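Next comes coords.cif, a file with mmCIF, C-alpha atoms.
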data_protein
loop_
_atom_site.group_PDB
_atom_site.id
_atom_site.type_symbol
_atom_site.label_atom_id
_atom_site.label_comp_id
_atom_site.auth_asym_id
_atom_site.auth_seq_id
_atom_site.Cartn_x
_atom_site.Cartn_y
_atom_site.Cartn_z
ATOM 1 C CA MET Y 1 95.220 95.309 104.037
ATOM 2 C CA GLU Y 2 94.205 91.931 102.652
ATOM 3 C CA LEU Y 3 95.914 89.185 104.648
ATOM 4 C CA PRO Y 4 96.484 85.628 103.437
ATOM 5 C CA VAL Y 5 95.702 82.692 105.703
ATOM 6 C CA ILE Y 6 98.944 81.497 107.260
ATOM 7 C CA ASP Y 7 97.869 79.027 109.947
ATOM 8 C CA ASP Y 8 94.125 79.667 110.344
ATOM 9 C CA GLY Y 9 94.770 80.286 114.020
ATOM 10 C CA VAL Y 10 97.027 82.201 116.380
ATOM 11 C CA LEU Y 11 99.397 83.660 113.776
ATOM 12 C CA ASP Y 12 96.521 84.946 111.658
ATOM 13 C CA ARG Y 13 94.874 86.598 114.663
ATOM 14 C CA GLN Y 14 98.195 88.167 115.592
ATOM 15 C CA HIS Y 15 98.640 89.490 112.042
ATOM 16 C CA GLN Y 16 95.176 91.053 112.177
ATOM 17 C CA TYR Y 17 95.971 92.722 115.488
ATOM 18 C CA LEU Y 18 99.275 94.100 114.141
ATOM 19 C CA VAL Y 19 97.364 95.666 111.243
ATOM 20 C CA LYS Y 20 94.840 97.109 113.703
ATOM 21 C CA LEU Y 21 97.627 98.656 115.808
ATOM 22 C CA LEU Y 22 99.202 100.148 112.705
ATOM 23 C CA GLY Y 23 95.849 101.587 111.619
ATOM 24 C CA GLN Y 24 95.599 103.519 114.885
ATOM 25 C CA PHE Y 25 98.472 105.784 113.811
ATOM 26 C CA ASP Y 26 96.046 107.759 111.637
ATOM 27 C CA GLY Y 27 94.542 109.241 114.806
ATOM 28 C CA TYR Y 28 97.777 110.174 116.543
ATOM 29 C CA ARG Y 29 98.616 113.880 116.614
ATOM 30 C CA SER Y 30 101.404 114.326 119.136
ATOM 31 C CA LYS Y 31 104.924 113.003 119.250
ATOM 32 C CA LEU Y 32 104.062 111.361 122.569
ATOM 33 C CA GLU Y 33 101.106 109.482 121.012
ATOM 34 C CA VAL Y 34 103.256 108.358 118.098
ATOM 35 C CA ALA Y 35 106.045 107.152 120.390
ATOM 36 C CA ALA Y 36 103.574 105.290 122.636
ATOM 37 C CA GLY Y 37 101.862 103.730 119.621
ATOM 38 C CA ALA Y 38 105.185 102.676 118.123
ATOM 39 C CA LYS Y 39 106.243 101.096 121.412
ATOM 40 C CA ALA Y 40 102.933 99.205 121.659
ATOM 41 C CA LEU Y 41 103.301 98.027 118.054
ATOM 42 C CA LEU Y 42 106.877 96.938 118.669
ATOM 43 C CA LEU Y 43 106.052 95.077 121.888
ATOM 44 C CA TYR Y 44 103.207 93.190 120.260
ATOM 45 C CA ALA Y 45 105.303 92.507 117.163
ATOM 46 C CA MET Y 46 108.055 91.021 119.338
ATOM 47 C CA GLU Y 47 105.523 88.718 120.995
ATOM 48 C CA HIS Y 48 104.203 87.704 117.579
ATOM 49 C CA PHE Y 49 107.690 87.131 116.173
ATOM 50 C CA TYR Y 50 108.534 84.923 119.145
ATOM 51 C CA SER Y 51 105.409 82.815 118.486
ATOM 52 C CA GLU Y 52 106.020 82.661 114.766
ATOM 53 C CA GLU Y 53 109.693 81.764 114.995
ATOM 54 C CA GLY Y 54 108.906 79.186 117.676
ATOM 55 C CA LEU Y 55 106.449 77.470 115.352
ATOM 56 C CA MET Y 56 108.996 77.610 112.540
ATOM 57 C CA ARG Y 57 111.659 75.997 114.717
ATOM 58 C CA ALA Y 58 109.234 73.326 115.943
ATOM 59 C CA GLU Y 59 108.315 72.518 112.341
ATOM 60 C CA GLY Y 60 111.963 72.453 111.184
ATOM 61 C CA TYR Y 61 111.559 75.370 108.764
ATOM 62 C CA PRO Y 62 114.933 75.760 107.022
ATOM 63 C CA ASP Y 63 114.688 79.571 106.573
ATOM 64 C CA VAL Y 64 113.948 80.454 110.215
ATOM 65 C CA GLY Y 65 117.284 82.275 110.607
ATOM 66 C CA ARG Y 66 116.648 84.499 107.590
ATOM 67 C CA HIS Y 67 113.098 85.057 108.793
ATOM 68 C CA HIS Y 68 114.435 86.161 112.192
ATOM 69 C CA ASP Y 69 116.707 88.683 110.453
ATOM 70 C CA LEU Y 70 113.686 90.107 108.626
ATOM 71 C CA HIS Y 71 111.915 90.501 111.952
ATOM 72 C CA ASP Y 72 114.933 92.467 113.192
ATOM 73 C CA ASP Y 73 114.431 94.857 110.253
ATOM 74 C CA PHE Y 74 110.882 95.523 111.449
ATOM 75 C CA ARG Y 75 112.133 96.215 114.959
ATOM 76 C CA THR Y 76 114.525 98.819 113.543
ATOM 77 C CA LEU Y 77 111.711 100.530 111.628
ATOM 78 C CA CYS Y 78 109.603 100.760 114.794
ATOM 79 C CA GLU Y 79 112.526 102.029 116.848
ATOM 80 C CA ASN Y 80 113.089 104.763 114.266
ATOM 81 C CA MET Y 81 109.479 105.813 114.653
ATOM 82 C CA VAL Y 82 109.856 106.062 118.415
ATOM 83 C CA VAL Y 83 112.867 108.357 117.964
ATOM 84 C CA GLU Y 84 111.517 110.471 115.089
ATOM 85 C CA GLY Y 85 107.921 110.750 116.282
ATOM 86 C CA THR Y 86 105.833 113.279 114.348
ATOM 87 C CA ASP Y 87 108.723 114.896 112.523
ATOM 88 C CA LEU Y 88 108.441 115.392 108.780
ATOM 89 C CA GLU Y 89 109.464 111.792 108.247
ATOM 90 C CA PHE Y 90 106.508 110.418 110.229
ATOM 91 C CA SER Y 91 104.269 109.665 107.245
ATOM 92 C CA ARG Y 92 107.185 108.007 105.462
ATOM 93 C CA LEU Y 93 107.895 105.845 108.517
ATOM 94 C CA VAL Y 94 104.264 104.743 108.837
ATOM 95 C CA SER Y 95 104.209 103.968 105.111
ATOM 96 C CA ASN Y 96 107.469 101.991 105.392
ATOM 97 C CA ILE Y 97 106.171 99.981 108.335
ATOM 98 C CA SER Y 98 102.858 99.319 106.605
ATOM 99 C CA ASP Y 99 104.617 98.263 103.394
ATOM 100 C CA TRP Y 100 107.044 96.069 105.312
ATOM 101 C CA LEU Y 101 104.252 94.359 107.233
ATOM 102 C CA ALA Y 102 102.112 93.762 104.133
ATOM 103 C CA ASN Y 103 105.044 92.399 102.135
ATOM 104 C CA HIS Y 104 106.308 90.274 105.003
ATOM 105 C CA ILE Y 105 102.946 88.591 105.625
ATOM 106 C CA GLN Y 106 102.010 88.258 101.953
ATOM 107 C CA VAL Y 107 105.407 86.937 100.852
ATOM 108 C CA GLU Y 108 107.574 85.661 103.700
ATOM 109 C CA ASP Y 109 104.916 84.287 106.055
ATOM 110 C CA LEU Y 110 102.991 82.849 103.124
ATOM 111 C CA ARG Y 111 106.211 81.117 101.992
ATOM 112 C CA PHE Y 112 106.343 79.388 105.393
ATOM 113 C CA SER Y 113 102.664 78.476 105.147
ATOM 114 C CA VAL Y 114 103.145 76.899 101.711
ATOM 115 C CA TRP Y 115 106.268 75.048 102.897
ATOM 116 C CA ARG Y 116 104.341 73.738 105.898
ATOM 117 C CA ARG Y 117 101.352 72.670 103.811
ATOM 118 C CA ASP Y 118 103.551 70.944 101.220
ATOM 119 C CA ARG Y 119 105.343 69.086 103.996
ATOM 120 C CA VAL Y 120 102.052 67.812 105.415
ATOM 121 C CA VAL Y 121 100.845 66.776 101.950
ATOM 122 C CA SER Y 122 104.138 64.989 101.322
ATOM 123 C CA ARG Y 123 103.829 63.097 104.619
ATOM 124 C CA LEU Y 124 100.258 62.109 103.826
ATOM 125 C CA ALA Y 125 101.254 60.910 100.381
ATOM 126 C CA THR Y 126 104.022 58.770 101.921
ATOM 127 C CA CYS Y 127 101.558 57.246 104.375
ATOM 128 C CA ALA Y 128 99.084 56.432 101.617
ATOM 129 C CA TYR Y 129 101.397 53.819 100.114
#
Let me see whether you can do it: turn the structure in this file into structure tokens.
Amino acid sequence: MELPVIDDGVLDRQHQYLVKLLGQFDGYRSKLEVAAGAKALLLYAMEHFYSEEGLMRAEGYPDVGRHHDLHDDFRTLCENMVVEGTDLEFSRLVSNISDWLANHIQVEDLRFSVWRRDRVVSRLATCAY
């Protein structure tokens, strides 16, 4: 998955690790492995979401509430995987989580990054006069 640069730091490293965790599902064969992997993914995602939303609040991002709701959607997808495990729906769940993560980073997180960059540029332009 090609990831855009969001903050060139902690958030980007966290995004890369989330993708790595998701990629490990290809090797899981048992329901127990799937459930453990989904729990690990969810726990790390919650840590990441806390960091990301904290930065958004600190920066005054106006869409942080909507962004939080989107993060809740991801939590629900992961919880469904823990419950359903390797049932017939497993490949669909992994695909849904992968699609959600790719879209979220490439659209929603990038939207924050652009907002943040534009805000910095605006401040610099104000200072230049």
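Checking Y:Arg111, Y:Arg116, Y:Phe25, Y:Leu77 one by one against Asp99 (chain Y), counting only C-alpha atoms, you find the shortest gap at Y:Leu77.
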Next item on the list: Using only C-alpha atoms, find the one residue out of Y:Ile97, Y:Leu55, Y:Val5, Y:Val114 that sits nearest to Leu21 (chain Y).
Entry: Y:Ile97
Next item on the list: Given the file shown, enumerate the residues that the PyMOL selection byres ((chain Y and resi 104) around 12) captures and present them as a ChimeraX atom specification.
Entry: /Y:3-4,6,15,49,67-71,73-74,96-103,105-112
Contacts of Tyr17 (chain Y) at 10 Å or less, counting all atoms listed in the file, minus same-chain residues fewer than 3 places along, as a PDB file with C-alpha atoms, keeping the file's coordinate frame?
ATOM      1  CA  LEU Y  11      99.397  83.660 113.776  1.00  0.00           C
ATOM      2  CA  ASP Y  12      96.521  84.946 111.658  1.00  0.00           C
ATOM      3  CA  ARG Y  13      94.874  86.598 114.663  1.00  0.00           C
ATOM      4  CA  GLN Y  14      98.195  88.167 115.592  1.00  0.00           C
ATOM      5  CA  LYS Y  20      94.840  97.109 113.703  1.00  0.00           C
ATOM      6  CA  LEU Y  21      97.627  98.656 115.808  1.00  0.00           C
ATOM      7  CA  LEU Y  22      99.202 100.148 112.705  1.00  0.00           C
ATOM      8  CA  GLY Y  23      95.849 101.587 111.619  1.00  0.00           C
ATOM      9  CA  LEU Y  41     103.301  98.027 118.054  1.00  0.00           C
ATOM     10  CA  TYR Y  44     103.207  93.190 120.260  1.00  0.00           C
ATOM     11  CA  ALA Y  45     105.303  92.507 117.163  1.00  0.00           C
ATOM     12  CA  HIS Y  48     104.203  87.704 117.579  1.00  0.00           C
TER      13      HIS Y  48
END
Padded axis-aligned box of region 1-5 of chain Y (8 Å per side), centre and edge lengths, Å, one decimal, as AutoDock Vina command-line options:
--center_x 95.3 --center_y 89.0 --center_z 104.2 --size_x 18.3 --size_y 28.6 --size_z 19.1
Next item on the list: Enter the distance from CA of Gly27 (chain Y) to CA of Leu42 (chain Y), in Å, rounded to one decimal.
Entry: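 So the answer is 17.8 Å.
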Note to self: As a check of understanding, name the residues that the PyMOL selection byres ((chain Y and resi 59) around 12) selects in the supplied structure, as a list in words.
What the structure shows: Glu52, Glu53, Gly54, Leu55, Met56, Arg57, Ala58, Gly60, Tyr61, Pro62, Asp63, Val64, Phe112, Ser113, Trp115, Arg116, Arg117, Arg119 and Val120 of chain Y
Check: CA of Arg66 (chain Y) to CA of Asp7 (chain Y): how many Å, to one decimal?
Finding: 19.7 Å
Checklist line | CA of Gly9 (chain Y) to CA of Val34 (chain Y), straight-line distance in Å | finding: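 Between CA of Val34 (chain Y) and CA of Gly9 (chain Y) the gap is 29.6 Å.
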Notebook entry, point to check: Which of these, Y:Cys78, Y:Val19, Y:Met1, Y:Ala40, has the shortest distance to Phe90 (chain Y) once you count all atoms listed in the file?
Noted result: Y:Cys78
Next item on the list: Would you please work out which residue, of Y:Glu2, Y:Asp8, Y:Glu47, Y:Val94, is nearest to Gln24 (chain Y) when using all atoms listed in the file?
Entry: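 Among the listed residues, the smallest separation from Gln24 (chain Y) belongs to Y:Val94.
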